[in-house]
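Structure first, then comments.
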Amino acid sequence: MPADLVEALLHLRSDIDVEHVATWQEGAYLNAADDVLLEACWQDKRALVSKDRATLPGWIALRVAAGKDHGGVLLYDVERFKAHQIGALAKASIAAVEFSRGKLINRWITLH
């Protein structure tokens with residue numbers, strides 16, 4: 001997730017608990033493999049916002065097949081949400097959280 005997204009999300013919903021991976025857990029998962037990051041997010045009951053639509057769905061499928069839960073994943077397309085469209089990405093993220101009533105565990109939502 002872009003670092004600017006954290007600020008934009010907090011501007012829209014100050015009650016949301018959001019952190020960029022670079023600061024979450026003191027950056028311990030900044031360059032972590034997808035499976036490790038999904039597990040860490042699950043352990044911390046956090047959803048993951050990611051543009052990785054190429055490999056992350058495969059890791060989610062492997063977790064599900066192994067009977068493991070995940071904290072939820074919000075996937076976005078960099079063509080739909082370009083770098084200068086952080087506000088639109090934030091609004092789409094908040095809309096997904098509100099639509100799911102904050103229940104993102106084991107959900108995989110593609111943002112539009």
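Order determines the names: the first chain of the structure tokens is A, the second B, and so forth; residues in each chain are numbered 1 upward, and ligands are numbered 1 upward as they are shown.
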*Got a sec: who's within 8 Å of Asn106 in chain A, counting only C-alpha atoms, leaving out chain neighbours fewer than 4 positions off, as number ranges by chain?*
A: 69-73
Store the residues of this selection in a file with N, CA, C and O atoms, as an mmCIF file, in the first residue's frame.
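Full text of part.cif as output:
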```cif
data_model
loop_
_atom_site.group_PDB
_atom_site.id
_atom_site.type_symbol
_atom_site.label_atom_id
_atom_site.label_comp_id
_atom_site.auth_asym_id
_atom_site.auth_seq_id
_atom_site.Cartn_x
_atom_site.Cartn_y
_atom_site.Cartn_z
ATOM 1 N N ASP A 69 -6.821 -19.440 8.206
ATOM 2 C CA ASP A 69 -7.543 -18.193 8.002
ATOM 3 C C ASP A 69 -6.571 -17.088 7.607
ATOM 4 O O ASP A 69 -5.355 -17.237 7.738
ATOM 5 N N HIS A 70 -7.139 -15.975 7.150
ATOM 6 C CA HIS A 70 -6.323 -14.782 6.912
ATOM 7 C C HIS A 70 -7.128 -13.571 7.363
ATOM 8 O O HIS A 70 -8.347 -13.636 7.528
ATOM 9 N N GLY A 71 -6.446 -12.475 7.585
ATOM 10 C CA GLY A 71 -7.074 -11.274 8.134
ATOM 11 C C GLY A 71 -7.902 -10.487 7.140
ATOM 12 O O GLY A 71 -8.536 -9.504 7.503
ATOM 13 N N GLY A 72 -7.900 -10.900 5.906
ATOM 14 C CA GLY A 72 -8.613 -10.191 4.852
ATOM 15 C C GLY A 72 -7.634 -9.474 3.951
ATOM 16 O O GLY A 72 -6.550 -9.074 4.381
ATOM 17 N N VAL A 73 -8.005 -9.331 2.701
ATOM 18 C CA VAL A 73 -7.135 -8.682 1.727
ATOM 19 C C VAL A 73 -7.969 -7.759 0.843
ATOM 20 O O VAL A 73 -9.009 -8.167 0.318
#
```
_Residues near Cys41 in chain A, anyone? I mean within 12 Å using only C-alpha atoms, not counting same-chain ones fewer than 2 positions away, as a PyMOL selection string._
chain A and resi 18-21+24-25+28-29+32+34-39+43-49+69-73+104-106
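Minimum atom-to-atom distances from A:Ala83, A:Leu75, A:Leu62, A:Leu111 to Phe99 in chain A were compared using only C-alpha atoms, and the lowest value belongs to A:Leu111.
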_helix (DSSP H, G or I) positions in chain A, given as an NGL selection string_ = :A and (3-12 or 24-27 or 34-43 or 56-65 or 86-99)
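Minimum atom-to-atom distances from A:Arg13, A:Lys51, A:His112, A:Lys91 to Met1 in chain A were compared using only C-alpha atoms, and the lowest value belongs to A:Lys51.
Backbone DSSP assigns strand (DSSP E or B) in range 21-92 of chain A to Leu48, Val49, Ser50, Val73, Leu74 and Leu75 of chain A.
We find CA of Gly58 in chain A and CA of Val78 in chain A to be spaced 18.9 Å apart.
Proximity ranking of A:Thr110, A:Gly102, A:Gly87, A:Ala96 relative to Asp4 in chain A places A:Gly87 first, based on only C-alpha atoms.
Between CA of Leu5 in chain A and CA of Ala61 in chain A the interatomic distance comes to 26.4 Å.
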